[in-house]
Each structure stands twice: as C-alpha cells, then as structure tokens.
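Novice: Handing you a structure now.
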Amino acid sequence: MTTDLWELMQHRKLLQMIFVLGFGGTFQAGFQVSMITFTSPHVKSFLNASWTERSGGLPLPPETLTLLWSLVVSIFALGGLLGSMASGYLAAKYGKKRCLLANNLAMLAGSLLLGLSRVAASFELMLAGRFLCGLCTGLSVPLHPQFLGEASPKTLRGFANSTASAFWSLGKVFGQVMGQREVLGDGSRWPILMALSGLPALAQLLALPFFPESPPHLFLHRGDEEGCRKAMRALWGEGRPWQQQQEMEDLRKEKQSQRSGAQRSLGVSDLLRERRLRAQLFLVVLISVAVQLSGIQAIYSYTFEVLSAAGFEDDQIPHLSLGLSTFELLSTFLCSVAIERFGRRVLMWGGYCVMATLLAGLTLTLSLQHLHPWVPYGSLCLIFGIVFSFGMGPGESSSRIGMGGLLLFPMQLRSCKGKT
C-alpha cells in the first residue's frame, strides 16, 4: 500500500481526479445512507404534519406513517437500481465524463426538490427528490471505479479502485457529522441536510471539465488515438512512456479483436449462456446477495431504530451513530493494509463468520435487555463489532469486485468471446 501511495503521488493529475470522482461518486452514496437516519424523526414529524393539514386535522395512522417513511427510504434504492441499469449503455454511448456531468445536473435538481419539500408542505416533492437522487447515485457509483480503472496505469488500478470504498465510508462519516443536532440535524435545518448532496455534485460539475475522458473510451469508442495519448500524458505524466506504449498496444489488440468479431459486448442473455463466465457470474451474484442478506443494511438505514431498540435515549443516538461511521472508516483503512497480508478470501470468510456470531449475540441481548441495566451496552458493543467486521472484510471485498455493495447495483460485463 505504501509503494502504491508513493507512486500515486508522482501522478498529481490522477490523484486530483481520484478526489473529484470520489466526492461525486461513492461519497454521495455514503452520505445518502447516513443522512437519512438523522432526518428520520424530523421527516416522520413532517409527514404527519402535512397529512394532518391536508385531511382537515385528522392524524396520520401509525401504520400509514410507517409505510410512508419506508417509502421515503426505499425509493432511493429503486432509483439506484434503475440508474445502475442504464449506466453501462449511457457510458458506452456518451462517455463516462459526459454522463457524470449530466448526472450532476440531475443530482442538483433532486437536492433542490428535497430542500423545498418542507417549504411547499409536500411529501411528494420529497419522494421525487429521493428518487432522483437515487437514480443519479445509481448511475455514478458504477461509473466511479470504472472511470478510475480506465484512467489509471495498470500498476495503480487496484489501489485506485480501492479508494471507492474509502470515499463511501467518508461520505457516511460526513453525513453523520452534518446530521448532529448542533449542525444541521435539528428540527429547523434538516431540509438543508437533505439538500446537502448537491454540494459534492456541484463540486464535481465544476472540476470534472478540467480532466480528460478515459483513454480507452477515446480510442475504442471514438477512434481518437491522439486524444487517447494526450489523456494518458495528462493523467500519467511524461515520466514513464513505456507504460503509455504498453497500454496503447493492449488497446490496439482489443480494437483489432472487436473488428474481427473475436470480441463483442455481451447482453444479459449472452452472459447467462456463456459457460466460461458462469464461475465469475456466480461469484459476483453470491457476494452481492451475501452483502444484502448480511443485515448491515438494516443497521445503516435504520440506525436510530436499531439503537432505540437497544435501549438508548434519543439524545444519545446521534453521537453513537457518528461513532459507528467513524469506526467503519477506520476499518476500511485497516483493511487496505490487512488485505495485502491475508488476502480477500480470508477477510471475507472471517468477516462473515464474526458478523454471524455477533448478530446471534445481538438477537439475544435485544431480547434480554430489560433484565439488567448493562445489557444495552453489550448490544452497543456488538453493533460496533458488526460494523467493524463488515468494513474489514465483506464491505471492502464486495466493493473491489465492482461496487455491487449495499445498493446491489447490476454490473455490465464485457468479455472476450472467441469464434466457435
């Protein structure tokens, strides 16, 4: 890791691009996941107040309130699913840079809807804003590591892609900090917190035009060899021409394979029929499904409810949530070191085994928390352990196979398929 970081420092333009893509990519997803937990009590109060005003003073039934709140949370994932499904097609047709620029404009529009929802007394605006933000996040999260991988030299691609998970955790910590009651998490400023996702989108919108399109896209999709070389020089510098020459040779071979028909893009049906890809497809699906069923999403999206069920007071929960995200950020950096020593497979298996044990213990402590006053603190330790175990193994490993991760984004794979 130290060697990769030192080499990355020699590519200043690429280092700057990592930050620009990170804040407009997985940082957004992390922020959205943590932000919604801090707005939970205020959004529920807003839903109840707007419903009461429309119905002539009739209160919102508890089951309807739960349904509307669940819809506010889950509609973001629905938008993420649709956005990720369109990301491959749009990136191939228009380029990743153009897609991200247009995506930032849509994210600004979604943030504006969220910020104006309380002023307009319309939870429909909130639902539309959450859906639009989910759509934009679903589009940007797959493009973020893909763009980094294509823009980086081979020696740095693994390390550059691993920064995506770090920005994800950093976004969650940022959302937790801004969601504190002393900052933007009180009853009057929570719409600003929900609209804050427009800030990194605006930053990327202003900074990304100063960076080139990915070199492979320029050469393979636009046929611009000179533009491809200029992009490599801009991102990699002039110091190592042999890297650029080797990359150009690999791109020429790929271009020739496309022309001869030996290589083509695979659709979903082709992917399912291709026997040589079944092992990889099974691995991707297995890891993605395992992340979804691990229980970590419940802790992320319903942190307030989980900690409240563990027996903690409402004024303690925001600070405990911040501690959870900070703990996960620490585990992400530690995983970057441990993964070189132990490998991804060991960390994944170990992480899931520890998570399963801790979840079983959490189930027990939640059932027995009324017996002793120290049991809630035992539950808190177990929750911290679950988050740390996920960050050390399953979370980092799943992000490195394509950022399937928490939103279960579909992946568009491309593979060489020889003639038979």
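Starting from 1 in every chain, residues are counted up; chains themselves are A, B, ... following the order of the structure tokens, and ligands are numbered from 1 as listed.
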For segment 11-22 of chain A, please output as a PyMOL selection string all residues within 10 Å (counting only C-alpha atoms; exclusion window: fewer than 3 positions along the same chain).

Specialist: chain A and resi 5-8+25-28+97+100+140-141+143-145+147-148+151-153+160-161+163-168+170-171+200-201+203-208+210-212+232-239

Novice: Rounded to one decimal in Å, what is the spacing between atom CA of Leu218 of chain A and atom CA of Gly88 of chain A?

Specialist: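 Straight-line distance from atom CA of Leu218 of chain A to atom CA of Gly88 of chain A works out to 15.9 Å.
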
Novice: Among the residues of segment 137-293 of chain A, find those DSSP assigns to alpha helix (DSSP H) from the backbone and print them as a PyMOL selection string.

Specialist: chain A and resi 137-151+157-178+190-195+198-207+215-220+225-236+241-260+268-273+278-292

Novice: Can you list every residue of segment 19-103 of chain A that has an atom at most 8 Å from segment 184-193 of chain A, with its nearest atom pair and the distance in Å to one decimal, using only C-alpha atoms, ordered by chain then number, as JSON lines?

Specialist:
{"residue": "A:Met35", "atom": "CA", "partner": "A:Leu193", "partner_atom": "CA", "distance": 7.3}
{"residue": "A:Phe38", "atom": "CA", "partner": "A:Gly185", "partner_atom": "CA", "distance": 6.4}
{"residue": "A:Thr39", "atom": "CA", "partner": "A:Trp190", "partner_atom": "CA", "distance": 6.3}
{"residue": "A:His42", "atom": "CA", "partner": "A:Gly187", "partner_atom": "CA", "distance": 6.1}

Novice: Write to file, as a PDB file, in the first residue's frame, the residues of the selection just made, with C-alpha atoms.

Specialist:
ATOM      1  CA  MET A  35     -28.123  11.308   6.178  1.00  0.00           C
ATOM      2  CA  PHE A  38     -30.567  11.607  11.114  1.00  0.00           C
ATOM      3  CA  THR A  39     -33.592  13.063   9.385  1.00  0.00           C
ATOM      4  CA  HIS A  42     -37.987  15.105  11.558  1.00  0.00           C
TER       5      HIS A  42
END

Novice: Skip segment 120-129 of chain A itself and residues of its chain fewer than 2 positions away, then list as an NGL selection string all residues within 6 Å of it, counting only C-alpha atoms.

Specialist: :A and (50 or 72 or 110 or 113-114 or 117-118 or 131-132)

Novice: Please provide the set of residues having any atom within 8 Å of Leu202 of chain A, restricted to only C-alpha atoms, with same-chain residues fewer than 4 positions apart removed, written as an MDAnalysis selection string.

Specialist: chainID A and resid 104:105 108 198 206

Novice: Mind dumping the selected residues with N, CA, C and O atoms as a short mmCIF file (atom, residue, chain, number, x, y, z; two decimals), in the first residue's frame?

Specialist:
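Result file result11.cif:
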data_model
loop_
_atom_site.label_atom_id
_atom_site.label_comp_id
_atom_site.auth_asym_id
_atom_site.auth_seq_id
_atom_site.Cartn_x
_atom_site.Cartn_y
_atom_site.Cartn_z
N ASN A 104 -24.63 15.11 -12.57
CA ASN A 104 -24.53 16.13 -11.52
C ASN A 104 -25.64 17.17 -11.63
O ASN A 104 -26.14 17.66 -10.60
N LEU A 105 -26.02 17.51 -12.83
CA LEU A 105 -27.13 18.45 -13.01
C LEU A 105 -28.43 17.86 -12.46
O LEU A 105 -29.21 18.55 -11.79
N LEU A 108 -28.34 17.92 -8.68
CA LEU A 108 -28.67 19.25 -8.16
C LEU A 108 -30.18 19.48 -8.15
O LEU A 108 -30.72 20.07 -7.22
N GLY A 198 -26.29 18.16 -2.99
CA GLY A 198 -26.00 18.98 -4.16
C GLY A 198 -24.62 19.62 -4.11
O GLY A 198 -24.07 20.02 -5.14
N LEU A 206 -18.11 21.41 -11.51
CA LEU A 206 -17.19 22.50 -11.82
C LEU A 206 -15.77 22.01 -12.10
O LEU A 206 -15.04 22.64 -12.88
#

Novice: So that I can see what lies close to segment 244-256 of chain A, please list as a PyMOL selection string the residues with an atom at most 10 Å from it, counting only C-alpha atoms and leaving out residues fewer than 6 positions away in the same chain.

Specialist: chain A and resi 153-154+215-217+219-221+223+225+228-229+232-233+236-238+262-264+416

Novice: Include N, CA and C atoms and write out the residues we just selected as a CSV table (one decimal), in the first residue's frame.

Specialist:
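The file below, result14.csv, is the result:
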chain,number,residue,atom,x,y,z
A,153,PRO,N,-2.9,3.9,-14.7
A,153,PRO,CA,-2.0,2.8,-15.2
A,153,PRO,C,-2.2,1.5,-14.5
A,154,LYS,N,-1.7,0.4,-15.1
A,154,LYS,CA,-2.0,-0.9,-14.6
A,154,LYS,C,-1.5,-1.1,-13.2
A,215,PRO,N,-8.9,7.2,-21.4
A,215,PRO,CA,-8.2,6.9,-22.6
A,215,PRO,C,-8.8,5.7,-23.4
A,216,PRO,N,-9.2,4.6,-22.7
A,216,PRO,CA,-9.8,3.5,-23.5
A,216,PRO,C,-11.1,4.0,-24.3
A,217,HIS,N,-11.9,4.8,-23.7
A,217,HIS,CA,-13.1,5.2,-24.4
A,217,HIS,C,-12.7,6.1,-25.6
A,219,PHE,N,-10.1,5.9,-27.5
A,219,PHE,CA,-9.6,5.1,-28.5
A,219,PHE,C,-10.6,4.0,-29.1
A,220,LEU,N,-11.2,3.3,-28.2
A,220,LEU,CA,-12.1,2.2,-28.6
A,220,LEU,C,-13.4,2.7,-29.1
A,221,HIS,N,-14.0,3.7,-28.6
A,221,HIS,CA,-15.4,4.1,-29.0
A,221,HIS,C,-15.4,5.3,-29.9
A,223,GLY,N,-12.3,6.3,-31.6
A,223,GLY,CA,-11.3,6.1,-32.6
A,223,GLY,C,-10.3,7.3,-32.6
A,225,GLU,N,-7.0,8.2,-31.5
A,225,GLU,CA,-5.7,7.8,-30.9
A,225,GLU,C,-4.9,8.9,-30.3
A,228,CYS,N,-6.4,9.9,-27.1
A,228,CYS,CA,-6.1,8.9,-26.1
A,228,CYS,C,-4.7,9.1,-25.5
A,229,ARG,N,-3.7,9.4,-26.4
A,229,ARG,CA,-2.3,9.6,-25.9
A,229,ARG,C,-2.2,10.9,-25.1
A,232,MET,N,-3.5,10.1,-21.7
A,232,MET,CA,-2.5,9.4,-20.9
A,232,MET,C,-1.5,10.3,-20.3
A,233,ARG,N,-1.0,11.2,-21.2
A,233,ARG,CA,0.1,12.1,-20.8
A,233,ARG,C,-0.4,13.0,-19.7
A,236,TRP,N,-1.0,10.5,-16.5
A,236,TRP,CA,0.1,9.7,-16.0
A,236,TRP,C,1.5,10.5,-16.0
A,237,GLY,N,1.5,11.7,-16.7
A,237,GLY,CA,2.7,12.4,-16.8
A,237,GLY,C,3.6,12.0,-17.9
A,238,GLU,N,4.7,12.6,-18.1
A,238,GLU,CA,5.6,12.3,-19.2
A,238,GLU,C,6.8,11.4,-18.7
A,262,ALA,N,-13.9,-11.2,-32.8
A,262,ALA,CA,-13.5,-12.2,-31.8
A,262,ALA,C,-13.9,-11.7,-30.4
A,263,GLN,N,-14.2,-10.4,-30.3
A,263,GLN,CA,-14.6,-9.8,-29.1
A,263,GLN,C,-15.8,-8.9,-29.3
A,264,ARG,N,-16.8,-9.1,-28.4
A,264,ARG,CA,-18.0,-8.3,-28.6
A,264,ARG,C,-18.6,-8.1,-27.2
A,416,CYS,N,-14.0,-11.4,-23.7
A,416,CYS,CA,-13.6,-11.9,-24.9
A,416,CYS,C,-14.3,-13.2,-25.2

Novice: Set out as a tab-separated table a contact list for segment 247-334 of chain A and segment 372-376 of chain A with a cut-off of 10 Å, giving each residue of segment 247-334 of chain A that qualifies its closest atom pair and distance in Å to one decimal, counting only C-alpha atoms, ordered by chain and rising residue number.

Specialist:
residue	atom	partner	partner_atom	distance
A:Leu307	CA	A:Pro376	CA	8.9
A:Ser308	CA	A:Pro376	CA	9.7
A:Ala309	CA	A:Pro376	CA	9.0
A:Ala310	CA	A:Pro376	CA	5.4
A:Gly311	CA	A:Pro376	CA	5.6
A:Phe312	CA	A:Pro376	CA	7.2

Novice: One decimal, in Å: what's the spacing between atom CA of Lys96 of chain A and atom CA of Pro142 of chain A?

Specialist: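 That distance, rounded to one decimal, is 10.3 Å.
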
Novice: Report as a PyMOL selection string all protein, DNA and RNA residues lying within 9 Å of Phe174 of chain A, evaluated on only C-alpha atoms, omitting residues in the same chain fewer than 6 positions from it.

Specialist: chain A and resi 27+30-31+34-35+322+325

Novice: Keeping only C-alpha atoms, write the selected residues as a PDB file, in the first residue's frame.

Specialist:
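Once written, part.pdb looks like this:
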ATOM      1  CA  PHE A  27     -19.152   9.670  -1.396  1.00  0.00           C
ATOM      2  CA  GLY A  30     -22.396   7.011   1.706  1.00  0.00           C
ATOM      3  CA  PHE A  31     -23.811  10.425   2.521  1.00  0.00           C
ATOM      4  CA  SER A  34     -26.192   8.084   6.745  1.00  0.00           C
ATOM      5  CA  MET A  35     -28.123  11.308   6.178  1.00  0.00           C
ATOM      6  CA  LEU A 322     -21.319   9.101  14.349  1.00  0.00           C
ATOM      7  CA  SER A 325     -19.469   5.530  10.868  1.00  0.00           C
TER       8      SER A 325
END
